[in-house]
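Student: One file: coords_34.cif (mmCIF, C-alpha atoms).
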```cif
data_final
loop_
_atom_site.label_atom_id
_atom_site.label_comp_id
_atom_site.auth_asym_id
_atom_site.auth_seq_id
_atom_site.Cartn_x
_atom_site.Cartn_y
_atom_site.Cartn_z
CA MET R 1346 221.10 -17.24 73.52
CA ALA R 1347 217.49 -16.09 73.09
CA PRO R 1348 216.50 -12.85 74.85
CA ASP R 1349 213.39 -14.41 76.37
CA SER R 1350 211.83 -17.83 76.72
CA PRO R 1351 209.17 -18.71 74.13
CA PRO R 1352 205.93 -20.28 75.33
CA SER R 1353 205.55 -24.04 75.30
CA PRO R 1354 203.67 -25.40 72.30
CA ALA R 1355 199.98 -26.13 72.87
CA PRO R 1356 198.58 -29.58 72.01
CA VAL R 1357 195.63 -27.81 70.36
CA LEU R 1358 195.26 -24.59 68.39
CA ASP R 1359 193.48 -22.13 70.65
CA PRO R 1360 190.18 -21.52 68.83
CA ALA R 1361 189.81 -18.11 70.50
CA GLU R 1362 193.17 -16.96 69.14
CA TYR R 1363 192.58 -18.27 65.63
CA ALA R 1364 188.92 -17.35 65.20
CA PHE R 1365 188.22 -14.38 62.94
CA GLU R 1366 185.22 -12.42 61.81
CA GLY R 1367 183.45 -14.12 58.93
CA MET R 1368 185.10 -17.53 59.33
CA GLU R 1369 181.72 -19.23 59.21
CA LEU R 1370 180.99 -17.65 55.80
CA LEU R 1371 184.17 -18.71 54.00
CA PRO R 1372 184.01 -21.54 51.50
CA THR R 1373 186.25 -24.42 52.55
CA PRO R 1374 188.85 -25.74 52.35
CA ARG R 1375 190.96 -22.57 52.57
CA LEU R 1376 194.52 -21.67 53.39
CA VAL R 1377 194.35 -18.95 56.06
CA VAL R 1378 197.29 -16.68 56.96
CA TYR R 1379 197.18 -14.46 60.04
CA GLU R 1380 198.96 -11.13 59.67
CA ARG R 1381 199.15 -10.72 63.46
CA PHE R 1382 201.16 -13.90 63.88
CA VAL R 1383 203.37 -13.21 60.86
CA ALA R 1384 204.19 -9.81 62.39
CA GLU R 1385 204.82 -11.44 65.77
CA ASN R 1386 207.18 -13.94 64.15
CA ILE R 1387 209.09 -11.11 62.46
CA ASP R 1388 209.48 -9.39 65.82
CA ARG R 1389 210.52 -12.65 67.50
CA MET R 1390 213.13 -13.19 64.78
CA ARG R 1391 214.63 -9.75 65.38
CA ARG R 1392 214.85 -10.38 69.13
CA LEU R 1393 216.44 -13.81 68.61
CA LEU R 1394 219.05 -12.40 66.23
CA GLU R 1395 219.83 -9.54 68.61
CA GLY R 1396 220.21 -12.09 71.40
CA VAL R 1397 223.22 -13.39 69.46
CA VAL R 1398 224.50 -10.10 68.03
CA PRO R 1399 223.13 -7.22 70.12
CA GLY R 1400 221.87 -4.27 68.13
CA SER R 1401 222.14 -6.10 64.81
CA GLY R 1402 218.46 -5.95 63.88
CA PHE R 1403 217.99 -7.87 60.63
CA ARG R 1404 221.51 -7.25 59.33
CA HIS R 1405 222.35 -10.96 59.43
CA LEU R 1406 219.00 -12.26 58.12
CA MET R 1407 218.42 -13.48 54.56
CA PRO R 1408 215.03 -15.25 54.81
CA HIS R 1409 214.22 -17.85 52.20
CA VAL R 1410 210.97 -16.83 50.51
CA LYS R 1411 210.09 -20.42 49.53
CA THR R 1412 207.78 -20.74 52.52
CA HIS R 1413 205.39 -17.85 51.90
CA LYS R 1414 205.83 -16.99 48.17
CA SER R 1415 203.72 -13.90 48.87
CA LEU R 1416 203.88 -10.21 47.97
CA ALA R 1417 201.82 -9.46 51.07
CA VAL R 1418 204.43 -11.05 53.34
CA MET R 1419 207.24 -9.40 51.39
CA GLY R 1420 205.56 -6.09 52.20
CA LEU R 1421 205.75 -6.87 55.91
CA PHE R 1422 209.40 -7.88 55.55
CA GLU R 1423 210.29 -4.66 53.74
CA LYS R 1424 208.38 -2.56 56.28
CA ALA R 1425 210.28 -4.26 59.11
CA GLY R 1426 213.60 -3.41 57.47
CA ILE R 1427 214.60 -6.80 56.06
CA GLU R 1428 216.75 -6.12 53.00
CA SER R 1429 218.25 -9.42 51.80
CA TYR R 1430 216.45 -12.51 50.53
CA LYS R 1431 217.17 -16.08 49.49
CA ALA R 1432 215.10 -17.67 46.74
CA SER R 1433 214.92 -20.30 44.07
CA LEU R 1434 214.91 -19.04 40.50
CA ASN R 1435 211.12 -19.41 40.40
CA GLU R 1436 210.84 -16.91 43.26
CA LEU R 1437 213.33 -14.34 41.98
CA ASP R 1438 210.57 -12.50 40.08
CA LEU R 1439 208.56 -12.21 43.30
CA CYS R 1440 211.49 -10.63 45.13
CA LEU R 1441 212.20 -8.16 42.35
CA GLU R 1442 208.51 -7.27 42.02
CA ALA R 1443 208.48 -6.50 45.74
CA GLY R 1444 211.41 -4.12 45.29
CA ALA R 1445 214.14 -6.29 46.82
CA ARG R 1446 217.67 -5.05 46.09
CA ASP R 1447 219.62 -8.07 47.33
CA VAL R 1448 218.57 -11.60 46.32
CA PHE R 1449 220.61 -14.80 46.43
CA VAL R 1450 219.33 -17.52 44.10
CA ALA R 1451 220.27 -20.70 45.95
CA TYR R 1452 219.84 -23.36 43.30
CA PRO R 1453 222.15 -24.93 40.70
CA LEU R 1454 221.53 -23.26 37.34
CA LEU R 1455 221.55 -25.11 34.03
CA ALA R 1456 221.82 -23.28 30.70
CA ALA R 1457 218.20 -22.10 30.37
CA ASP R 1458 218.08 -21.11 34.04
CA ALA R 1459 221.31 -19.16 33.74
CA GLU R 1460 219.90 -17.32 30.73
CA ARG R 1461 216.82 -16.35 32.70
CA LEU R 1462 218.79 -15.13 35.70
CA ALA R 1463 221.17 -13.10 33.52
CA GLY R 1464 218.18 -11.57 31.74
CA LEU R 1465 216.62 -10.49 35.03
CA ALA R 1466 219.98 -9.08 36.15
CA ALA R 1467 220.07 -6.98 32.97
CA GLU R 1468 216.50 -5.77 33.56
CA HIS R 1469 217.21 -4.86 37.20
CA PRO R 1470 220.67 -3.24 37.24
CA HIS R 1471 220.17 -1.74 40.71
CA ALA R 1472 219.50 -5.12 42.36
CA ARG R 1473 222.31 -7.34 43.61
CA ILE R 1474 221.39 -10.75 42.21
CA THR R 1475 223.77 -13.48 43.36
CA ALA R 1476 223.91 -17.03 42.00
CA GLN R 1477 225.46 -20.21 43.38
CA VAL R 1478 227.97 -22.42 41.58
CA GLY R 1479 228.88 -25.90 42.74
CA ARG R 1480 230.79 -27.07 39.67
CA ILE R 1481 232.87 -25.45 36.95
CA GLU R 1482 230.07 -26.37 34.52
CA HIS R 1483 227.65 -24.16 36.48
CA ALA R 1484 230.11 -21.29 36.27
CA GLU R 1485 230.59 -21.80 32.52
CA ARG R 1486 226.85 -21.70 31.81
CA LEU R 1487 226.32 -18.68 34.03
CA ALA R 1488 229.25 -16.76 32.56
CA ALA R 1489 228.14 -17.48 28.99
CA ALA R 1490 224.63 -16.18 29.74
CA ALA R 1491 226.06 -13.11 31.49
CA ARG R 1492 228.22 -12.30 28.45
CA ARG R 1493 225.22 -12.55 26.13
CA LYS R 1494 223.20 -10.18 28.35
CA GLY R 1495 226.10 -7.79 28.91
CA VAL R 1496 226.12 -8.11 32.71
CA GLU R 1497 228.42 -9.24 35.49
CA ILE R 1498 227.00 -11.59 38.11
CA ASP R 1499 228.07 -12.21 41.69
CA CYS R 1500 228.34 -15.87 42.68
CA LEU R 1501 228.93 -17.96 45.80
CA ILE R 1502 230.53 -21.38 45.86
CA ASP R 1503 227.99 -23.91 47.12
CA LEU R 1504 229.43 -26.17 49.83
CA ASP R 1505 228.13 -29.62 50.69
CA VAL R 1506 228.47 -29.67 54.48
CA GLY R 1507 226.50 -32.86 55.08
CA GLY R 1508 223.28 -32.74 53.10
CA ARG R 1509 224.66 -34.68 50.11
CA ARG R 1510 222.34 -32.77 47.82
CA THR R 1511 224.20 -29.99 46.02
CA GLY R 1512 227.62 -28.41 46.24
CA ILE R 1513 231.20 -29.53 46.69
CA PRO R 1514 233.14 -30.57 49.81
CA PRO R 1515 234.51 -27.53 51.65
CA GLY R 1516 238.05 -28.72 51.01
CA ALA R 1517 237.50 -28.44 47.25
CA ALA R 1518 236.43 -24.78 47.34
CA ALA R 1519 239.92 -23.41 46.69
CA ASP R 1520 240.35 -25.48 43.51
CA LEU R 1521 237.00 -24.33 42.14
CA ALA R 1522 237.80 -20.73 43.05
CA ARG R 1523 241.13 -20.90 41.21
CA ALA R 1524 239.45 -22.46 38.18
CA ILE R 1525 236.85 -19.68 38.05
CA LEU R 1526 239.33 -16.85 38.64
CA GLY R 1527 241.88 -18.26 36.23
CA SER R 1528 239.60 -18.65 33.22
CA PRO R 1529 239.19 -15.66 30.85
CA ARG R 1530 235.90 -17.18 29.68
CA LEU R 1531 234.48 -16.72 33.17
CA GLY R 1532 235.35 -13.07 33.52
CA ALA R 1533 231.69 -12.05 33.78
CA LEU R 1534 231.49 -13.73 37.21
CA ARG R 1535 232.49 -12.04 40.45
CA LEU R 1536 233.30 -14.67 43.07
CA LYS R 1537 232.07 -13.24 46.38
CA GLY R 1538 232.14 -16.03 48.94
CA VAL R 1539 230.49 -19.29 49.95
CA HIS R 1540 227.07 -20.76 50.68
CA ALA R 1541 226.38 -23.72 52.97
CA TYR R 1542 222.93 -25.11 53.75
CA ASP R 1543 223.15 -27.38 56.80
CA GLY R 1544 219.75 -29.01 56.51
CA HIS R 1545 221.11 -32.15 58.14
CA ASN R 1546 221.45 -30.33 61.49
CA ARG R 1547 217.95 -31.06 62.84
CA SER R 1548 218.43 -32.46 66.34
CA ALA R 1549 215.83 -31.49 68.93
CA VAL R 1550 218.63 -31.41 71.53
CA PRO R 1551 220.18 -27.90 71.60
CA GLU R 1552 223.60 -29.22 72.65
CA GLU R 1553 223.66 -31.59 69.68
CA ARG R 1554 222.66 -28.81 67.27
CA ALA R 1555 225.36 -26.58 68.74
CA ALA R 1556 228.04 -29.28 68.37
CA CYS R 1557 227.05 -29.91 64.76
CA ALA R 1558 226.99 -26.17 64.07
CA ARG R 1559 230.48 -25.77 65.51
CA GLU R 1560 231.92 -28.51 63.32
CA THR R 1561 230.07 -27.35 60.21
CA MET R 1562 230.90 -23.65 60.59
CA GLU R 1563 234.59 -24.46 61.13
CA ALA R 1564 234.55 -26.10 57.70
CA VAL R 1565 232.71 -23.11 56.22
CA VAL R 1566 235.23 -20.64 57.64
CA ARG R 1567 238.15 -22.67 56.28
CA ALA R 1568 236.53 -22.76 52.84
CA PHE R 1569 235.84 -19.03 52.88
CA ARG R 1570 239.44 -18.27 53.77
CA ASP R 1571 240.64 -20.69 51.08
CA VAL R 1572 238.54 -18.81 48.53
CA GLU R 1573 240.03 -15.52 49.73
CA ARG R 1574 243.57 -16.91 49.44
CA ALA R 1575 242.77 -18.07 45.91
CA GLY R 1576 242.37 -14.40 44.99
CA ALA R 1577 238.62 -13.80 45.23
CA ALA R 1578 237.30 -10.50 46.56
CA ALA R 1579 235.09 -12.52 48.91
CA ASP R 1580 232.75 -10.61 51.21
CA ARG R 1581 229.76 -12.87 51.95
CA VAL R 1582 228.88 -16.12 53.72
CA VAL R 1583 225.31 -17.46 53.58
CA VAL R 1584 224.41 -20.38 55.86
CA ALA R 1585 221.69 -22.10 57.87
CA GLY R 1586 218.32 -23.68 57.68
CA THR R 1587 215.80 -23.10 60.45
CA PRO R 1588 216.94 -25.38 63.33
CA PRO R 1589 220.59 -24.25 63.66
CA PHE R 1590 220.46 -20.63 62.45
CA LEU R 1591 221.18 -19.10 65.86
CA GLN R 1592 224.06 -21.49 66.59
CA ASP R 1593 225.51 -20.92 63.11
CA LEU R 1594 225.35 -17.15 63.53
CA ASP R 1595 226.97 -17.35 66.95
CA GLU R 1596 229.80 -19.49 65.59
CA LEU R 1597 230.58 -17.25 62.62
CA VAL R 1598 230.17 -13.83 64.23
CA ASN R 1599 231.12 -14.35 67.86
CA ARG R 1600 233.48 -17.33 67.88
CA HIS R 1601 235.26 -16.93 64.56
CA ARG R 1602 234.65 -13.17 64.23
CA LEU R 1603 234.52 -13.70 60.49
CA ASP R 1604 235.29 -10.55 58.55
CA ALA R 1605 232.45 -10.95 56.06
CA ASP R 1606 228.81 -10.16 55.48
CA VAL R 1607 227.36 -13.15 57.36
CA LYS R 1608 223.76 -14.09 56.54
CA VAL R 1609 221.53 -16.83 57.95
CA SER R 1610 218.72 -17.99 55.70
CA PRO R 1611 215.87 -19.81 57.49
CA GLY R 1612 212.50 -19.80 55.75
CA THR R 1613 209.87 -21.74 57.70
CA TRP R 1614 209.95 -19.42 60.73
CA VAL R 1615 207.62 -16.84 59.14
CA TYR R 1616 204.63 -19.26 59.09
CA TRP R 1617 205.98 -22.09 61.31
CA ASP R 1618 204.73 -25.67 61.34
CA THR R 1619 204.41 -28.62 63.68
CA GLY R 1620 207.44 -30.37 62.19
CA TYR R 1621 209.83 -27.65 63.31
CA ASP R 1622 207.84 -27.06 66.49
CA ARG R 1623 208.93 -30.55 67.56
CA ILE R 1624 212.56 -29.42 67.24
CA LEU R 1625 212.17 -25.85 68.53
CA PRO R 1626 209.03 -25.90 70.71
CA GLY R 1627 207.14 -22.62 70.71
CA GLN R 1628 209.93 -20.58 69.15
CA PHE R 1629 207.54 -19.06 66.59
CA ARG R 1630 203.76 -18.91 66.16
CA MET R 1631 201.67 -20.96 63.74
CA ALA R 1632 200.62 -18.33 61.21
CA ALA R 1633 199.33 -20.37 58.24
CA LEU R 1634 196.56 -22.94 58.75
CA VAL R 1635 194.16 -24.93 56.61
CA LEU R 1636 190.47 -24.30 57.31
CA THR R 1637 188.31 -27.38 56.69
CA GLN R 1638 184.81 -28.69 57.43
CA VAL R 1639 183.37 -31.98 58.56
CA ILE R 1640 181.64 -33.53 55.54
CA ASP R 1641 180.83 -37.00 56.88
CA LEU R 1642 180.67 -39.07 60.08
CA PRO R 1643 181.77 -42.63 59.32
CA GLY R 1644 181.77 -45.21 62.10
CA GLU R 1645 181.14 -44.22 65.70
CA ASP R 1646 184.14 -42.01 66.43
CA LEU R 1647 185.43 -40.81 63.04
CA ILE R 1648 184.98 -37.55 61.17
CA THR R 1649 185.87 -36.87 57.54
CA LEU R 1650 187.19 -33.47 56.46
CA ASN R 1651 186.98 -31.91 53.00
CA ALA R 1652 190.74 -31.60 52.45
CA GLY R 1653 193.29 -34.33 51.86
CA HIS R 1654 196.99 -34.32 51.17
CA LYS R 1655 196.48 -32.36 47.97
CA ARG R 1656 195.88 -29.45 50.37
CA TRP R 1657 198.37 -30.19 53.17
CA ALA R 1658 201.78 -31.72 52.65
CA ILE R 1659 202.17 -35.30 53.90
CA ASP R 1660 205.90 -35.63 53.14
CA GLN R 1661 206.91 -35.06 56.78
CA GLY R 1662 204.16 -37.21 58.24
CA PRO R 1663 200.50 -36.89 59.28
CA LEU R 1664 198.76 -33.94 60.90
CA GLU R 1665 199.12 -33.56 64.65
CA VAL R 1666 197.53 -30.29 65.79
CA PHE R 1667 193.92 -29.14 65.34
CA SER R 1668 191.61 -26.41 66.63
CA ILE R 1669 189.41 -28.88 68.53
CA GLN R 1670 190.57 -30.90 71.52
CA GLY R 1671 190.68 -34.68 71.39
CA LEU R 1672 191.19 -35.23 67.66
CA GLU R 1673 193.74 -37.68 66.27
CA PHE R 1674 194.82 -38.40 62.71
CA ALA R 1675 193.37 -41.66 61.34
CA SER R 1676 193.99 -41.60 57.58
CA ALA R 1677 194.18 -39.38 54.53
CA SER R 1678 193.74 -39.57 50.78
CA GLU R 1679 194.02 -36.93 48.10
CA GLU R 1680 190.72 -35.21 48.93
CA HIS R 1681 189.82 -36.46 52.42
CA THR R 1682 191.31 -36.44 55.91
CA VAL R 1683 189.80 -38.76 58.51
CA LEU R 1684 190.24 -37.95 62.21
CA ARG R 1685 189.31 -39.96 65.28
CA ALA R 1686 187.47 -38.11 68.05
CA ARG R 1687 188.56 -39.14 71.56
CA GLY R 1688 185.81 -37.00 73.06
CA PRO R 1689 182.59 -35.43 71.77
CA ARG R 1690 182.47 -35.81 68.00
CA PRO R 1691 182.24 -32.52 66.04
CA PRO R 1692 179.03 -32.37 64.02
CA LEU R 1693 178.54 -32.22 60.29
CA GLU R 1694 179.70 -28.86 58.85
CA ALA R 1695 181.85 -28.07 61.89
CA ARG R 1696 184.89 -25.96 60.92
CA ILE R 1697 188.29 -27.25 61.98
CA LEU R 1698 191.69 -25.62 61.51
CA LEU R 1699 194.65 -27.85 60.71
CA ALA R 1700 198.28 -26.94 61.46
CA PRO R 1701 200.59 -28.21 58.67
CA ARG R 1702 203.36 -30.62 59.57
CA HIS R 1703 205.37 -29.09 56.67
CA VAL R 1704 204.15 -25.64 55.75
CA CYS R 1705 206.30 -24.85 52.69
CA PRO R 1706 204.81 -27.44 50.29
CA THR R 1707 201.41 -26.90 51.92
CA VAL R 1708 201.45 -23.25 50.85
CA ASN R 1709 202.59 -24.26 47.37
CA ALA R 1710 199.43 -26.38 47.02
CA TRP R 1711 197.26 -23.25 47.03
CA GLU R 1712 196.77 -20.52 44.43
CA SER R 1713 195.59 -18.05 47.07
CA PHE R 1714 194.99 -17.66 50.79
CA THR R 1715 192.65 -15.78 53.07
CA TRP R 1716 194.63 -12.92 54.65
CA VAL R 1717 193.33 -12.15 58.15
CA GLY R 1718 194.33 -8.69 59.34
CA ARG R 1719 195.64 -7.79 62.77
CA ASP R 1720 192.14 -6.74 63.84
CA GLY R 1721 190.73 -10.22 63.18
CA ARG R 1722 188.94 -9.25 60.00
CA VAL R 1723 189.48 -10.64 56.53
CA GLU R 1724 191.58 -8.19 54.53
CA ALA R 1725 191.69 -10.34 51.39
CA ALA R 1726 189.61 -13.44 50.76
CA ALA R 1727 191.93 -14.59 47.96
CA GLU R 1728 195.40 -13.08 48.37
CA PRO R 1729 197.62 -14.68 45.68
CA VAL R 1730 200.38 -17.14 46.48
CA SER R 1731 202.31 -15.00 44.03
CA ALA R 1732 205.28 -17.24 43.22
CA ARG R 1733 203.42 -20.55 43.19
CA ASN R 1734 203.30 -21.00 39.43
CA ARG R 1735 206.49 -19.19 38.48
#
```
Take the structure in the file and write it out as structure tokens.
Tutor:
Amino acid sequence: MAPDSPPSPAPVLDPAEYAFEGMELLPTPRLVVYERFVAENIDRMRRLLEGVVPGSGFRHLMPHVKTHKSLAVMGLFEKAGIESYKASLNELDLCLEAGARDVFVAYPLLAADAERLAGLAAEHPHARITAQVGRIEHAERLAAAARRKGVEIDCLIDLDVGGRRTGIPPGAAADLARAILGSPRLGALRLKGVHAYDGHNRSAVPEERAACARETMEAVVRAFRDVERAGAAADRVVVAGTPPFLQDLDELVNRHRLDADVKVSPGTWVYWDTGYDRILPGQFRMAALVLTQVIDLPGEDLITLNAGHKRWAIDQGPLEVFSIQGLEFASASEEHTVLRARGPRPPLEARILLAPRHVCPTVNAWESFTWVGRDGRVEAAAEPVSARNR
């Protein structure tokens, strides 16, 4: 499906590739983002999408901004021609500030959240802001807020296709659609289609991911057509986390030839991490790393770094990949990471780059990052993680 074969993942971060001018002068720990690798990932994404739908460019991409939360990265997206975005409500401001005209807020909205979204829709009449509804109560709160702000809001029915987190079973979509369309109190909502996040489809075996995608997308297509038959002017389907996004797109566009605006919404790909690299080896480049230093040398083969799991997310497991050969994770606390050296032990003050196992919450742990330009020079020592505290 892909137009070319990605390189195999390296067991160590190549220090020559990730070195940059002035690294030795930066205070540590730091989150470091490499513009060159972000740009390479954007280009890889375009080629992967066009391997499924030739000539499509970014037409089918709706990247989730939860990974980067950055105006700088949004600028690269916009320059590349990416036009649609997926976000939580806390990231909607970031998208609108960056000039986005099409944002889907993929999160159940309670009353205060609905009021905020409706207010932003009123302030940005030229942007298409779409919300999700998984229950009639969501629709009621959203419609009430829209009436108070004098706006109409597009919405997608959120389908639970296996994650057991939010949404309704695909077979219940028609009933919810009829309830929304049949209620005069909900007239401020325009029902435009369905959303299905298949985060459960995480197999490292491509054939297993493809089989799961086929079953899941069949349910999505049935739900979309049920919503159409219920009377909705449905025109959009949003699906996919990172592992199955290519299989999902292939199913909807090529197999089912769905007559809709089909979007896939992976997020991690822009920075990548070792967790997803286990599932999709080498598909994208590590673009966001944590720069640390050795602050102590306990025992005979251990080194202690000046960053613990307050600075890199431990929810998916320990660190695995470093910029020095022969290092293994030993332990971590809030402010310290201890590694075991299987070869020569790095000295005190040595700088070591860490590749996050889960990059999204790692980024959210930082207020800013060091932005390394394509020429290997620091363009911004403290570029804001713009949506972190929103």
Student: To test your reading of the syntax: which residues would the PyMOL selection byres ((chain R and resi 1688) around 10) return for the file shown? Reply as a ChimeraX atom specification.
Tutor: /R:1646,1669-1672,1685-1687,1689-1691
Student: May I have the selected residues written with C-alpha atoms, as an mmCIF file, in the coordinates of the input?
Tutor:
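File result.cif, as written:
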```cif
data_model
loop_
_atom_site.group_PDB
_atom_site.id
_atom_site.type_symbol
_atom_site.label_atom_id
_atom_site.label_comp_id
_atom_site.auth_asym_id
_atom_site.auth_seq_id
_atom_site.Cartn_x
_atom_site.Cartn_y
_atom_site.Cartn_z
ATOM 1 C CA ASP R 1646 184.140 -42.010 66.430
ATOM 2 C CA ILE R 1669 189.410 -28.880 68.530
ATOM 3 C CA GLN R 1670 190.570 -30.900 71.520
ATOM 4 C CA GLY R 1671 190.680 -34.680 71.390
ATOM 5 C CA LEU R 1672 191.190 -35.230 67.660
ATOM 6 C CA ARG R 1685 189.310 -39.960 65.280
ATOM 7 C CA ALA R 1686 187.470 -38.110 68.050
ATOM 8 C CA ARG R 1687 188.560 -39.140 71.560
ATOM 9 C CA PRO R 1689 182.590 -35.430 71.770
ATOM 10 C CA ARG R 1690 182.470 -35.810 68.000
ATOM 11 C CA PRO R 1691 182.240 -32.520 66.040
#
```
Student: Report, in Å with one decimal, the straight-line distance from atom CA of Val1357 of chain R to atom CA of Ser1668 of chain R.
Tutor: 5.7 Å
Student: Here is a test: counting only C-alpha atoms, which residue of R:Phe1569, R:Phe1422, R:Trp1657, R:Tyr1542 is nearest to Glu1380 of chain R?
Tutor: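 For Glu1380 of chain R, the nearest of the candidates is R:Phe1422.
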Student: Closest to Tyr1363 of chain R among R:Ala1488, R:Lys1411, R:Val1377, R:Val1583, using only C-alpha atoms?
Tutor: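 Checking each of R:Ala1488, R:Lys1411, R:Val1377, R:Val1583 against Tyr1363 of chain R, counting only C-alpha atoms, the winner is R:Val1377.
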Student: Of the residues R:Arg1656, R:Arg1510, R:Arg1696, R:Arg1530, which is the one nearest to Glu1482 of chain R, using all atoms listed in the file?
Tutor: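 Answer, going by the shortest atom-to-atom distance: R:Arg1530.
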Student: Residues picked by the PyMOL selection byres ((chain R and resi 1726) around 7) here, as a list of chain:residue names?
Tutor: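 Taken over the shown coordinates, the PyMOL selection byres ((chain R and resi 1726) around 7) returns R:Phe1714, R:Thr1715, R:Trp1716, R:Val1723, R:Glu1724, R:Ala1725, R:Ala1727, R:Glu1728.
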Student: Just write the chosen residues, C-alpha atoms, as a PDB file, in the coordinates of the input.
Tutor:
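Okay, result.pdb is ready:
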```
ATOM      1  CA  PHE R1714     194.990 -17.660  50.790  1.00  0.00           C
ATOM      2  CA  THR R1715     192.650 -15.780  53.070  1.00  0.00           C
ATOM      3  CA  TRP R1716     194.630 -12.920  54.650  1.00  0.00           C
ATOM      4  CA  VAL R1723     189.480 -10.640  56.530  1.00  0.00           C
ATOM      5  CA  GLU R1724     191.580  -8.190  54.530  1.00  0.00           C
ATOM      6  CA  ALA R1725     191.690 -10.340  51.390  1.00  0.00           C
ATOM      7  CA  ALA R1727     191.930 -14.590  47.960  1.00  0.00           C
ATOM      8  CA  GLU R1728     195.400 -13.080  48.370  1.00  0.00           C
TER       9      GLU R1728
END
```
Student: Figure out the distance between atom CA of Arg1523 of chain R and atom CA of Ala1575 of chain R, please, to one decimal in Å.
Tutor: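 Between these atoms lies a distance of 5.7 Å.
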Student: What does the structure give for the distance between atom CA of Ala1524 of chain R and atom CA of Arg1461 of chain R, in Å to one decimal?
Tutor: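 Going from atom CA of Ala1524 of chain R over to atom CA of Arg1461 of chain R, I get 24.1 Å.
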Student: Expand the PyMOL selection byres ((chain R and resi 1440) around 10) into the individual residues it matches in the shown file, reporting them as a ChimeraX atom specification.
Tutor: /R:1410,1414-1416,1419,1429-1432,1435-1439,1441-1448,1732
Student: Can you pull out every residue within 12 Å of Arg1381 of chain R, counting all atoms listed in the file, but drop anything in the same chain fewer than 6 positions away, and send it as a PyMOL selection string?
Tutor: chain R and resi 1362-1363+1365+1387-1388+1418+1421+1615-1616+1630-1633+1716-1724
Student: So which one's closest to Ala1361 of chain R, R:Ser1678, R:Leu1698, R:Val1639, R:Ala1451? Using only C-alpha atoms, please.
Tutor: R:Leu1698
Student: Using only C-alpha atoms, which residues sit within 12 Å of Arg1554 of chain R once same-chain residues fewer than 2 positions away are excluded, as number ranges by chain?
Tutor: R: 1543-1552, 1556-1562, 1585-1593, 1596, 1624-1625
Student: May I have the protein, DNA and RNA residues with an atom at most 6 Å from (194.4, -18.1, 44.6), counting all atoms listed in the file in the file's coordinates, returned as number ranges by chain?
Tutor: R: 1712-1713, 1727, 1729
Student: List the neighbours of Val1565 of chain R out to 9 Å using all atoms listed in the file; skip same-chain residues closer than 6 positions along the sequence, and give me the result as a list in words.
Tutor: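 What passes the distance filter is Leu1504, Val1506, Pro1515, Val1539, His1540, Ala1541, Val1582, Val1584 and Leu1597 of chain R.
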Student: Keeping only C-alpha atoms, write the selected residues as a CSV table (one decimal), in the frame of the given file.
Tutor:
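Below you can see result_10.csv, which holds the result:
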```csv
chain,number,residue,atom,x,y,z
R,1504,LEU,CA,229.4,-26.2,49.8
R,1506,VAL,CA,228.5,-29.7,54.5
R,1515,PRO,CA,234.5,-27.5,51.6
R,1539,VAL,CA,230.5,-19.3,50.0
R,1540,HIS,CA,227.1,-20.8,50.7
R,1541,ALA,CA,226.4,-23.7,53.0
R,1582,VAL,CA,228.9,-16.1,53.7
R,1584,VAL,CA,224.4,-20.4,55.9
R,1597,LEU,CA,230.6,-17.2,62.6
```
Student: Closest to Ala1564 of chain R among R:Asp1520, R:Glu1395, R:Asp1505, R:Ala1467, using all atoms listed in the file?
Tutor: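 For Ala1564 of chain R, the nearest of the given residues is R:Asp1505.
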Student: From the list R:Val1708, R:Glu1573, R:Ala1476, R:Arg1600, which residue is nearest Leu1462 of chain R when using only C-alpha atoms?
Tutor: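 The shortest atom-to-atom distance to Leu1462 of chain R comes from R:Ala1476.
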Student: Skipping near chain neighbours, those fewer than 6 positions away, what residues fall within 12 Å of Ser1528 of chain R using only C-alpha atoms, listed as a list of chain:residue names?
Tutor: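 So the residues in contact are R:Ile1481, R:Ala1484, R:Glu1485, R:Ala1488, R:Leu1521, R:Ala1522, R:Leu1534.
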Student: Neighbouring residues of Leu1693 of chain R were defined as those with any atom within 9 Å, considering only C-alpha atoms; residues of the same chain fewer than 3 positions away were excluded. Please report them as a PyMOL selection string.
Tutor: chain R and resi 1638-1642+1648+1696
Student: If I only want segment 1392-1398 of chain R, can you write it with N, CA and C atoms, as a PDB file, in the first residue's frame?
Tutor:
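Written out: result05.pdb:
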```pdb
ATOM      1  N   ARG R1392       2.932  10.876   0.885  1.00  0.00           N
ATOM      2  CA  ARG R1392       3.218   9.746   0.003  1.00  0.00           C
ATOM      3  C   ARG R1392       2.445   8.493   0.406  1.00  0.00           C
ATOM      4  N   LEU R1393       2.287   8.269   1.712  1.00  0.00           N
ATOM      5  CA  LEU R1393       1.517   7.115   2.175  1.00  0.00           C
ATOM      6  C   LEU R1393       0.048   7.236   1.773  1.00  0.00           C
ATOM      7  N   LEU R1394      -0.521   8.419   1.961  1.00  0.00           N
ATOM      8  CA  LEU R1394      -1.921   8.634   1.583  1.00  0.00           C
ATOM      9  C   LEU R1394      -2.113   8.462   0.082  1.00  0.00           C
ATOM     10  N   GLU R1395      -1.173   8.984  -0.699  1.00  0.00           N
ATOM     11  CA  GLU R1395      -1.297   8.868  -2.156  1.00  0.00           C
ATOM     12  C   GLU R1395      -1.021   7.447  -2.624  1.00  0.00           C
ATOM     13  N   GLY R1396      -0.364   6.637  -1.791  1.00  0.00           N
ATOM     14  CA  GLY R1396      -0.228   5.226  -2.118  1.00  0.00           C
ATOM     15  C   GLY R1396      -1.555   4.492  -2.052  1.00  0.00           C
ATOM     16  N   VAL R1397      -2.491   5.027  -1.266  1.00  0.00           N
ATOM     17  CA  VAL R1397      -3.835   4.443  -1.160  1.00  0.00           C
ATOM     18  C   VAL R1397      -4.786   5.092  -2.156  1.00  0.00           C
ATOM     19  N   VAL R1398      -4.736   6.412  -2.239  1.00  0.00           N
ATOM     20  CA  VAL R1398      -5.602   7.163  -3.158  1.00  0.00           C
ATOM     21  C   VAL R1398      -4.695   8.059  -3.996  1.00  0.00           C
TER      22      VAL R1398
END
```
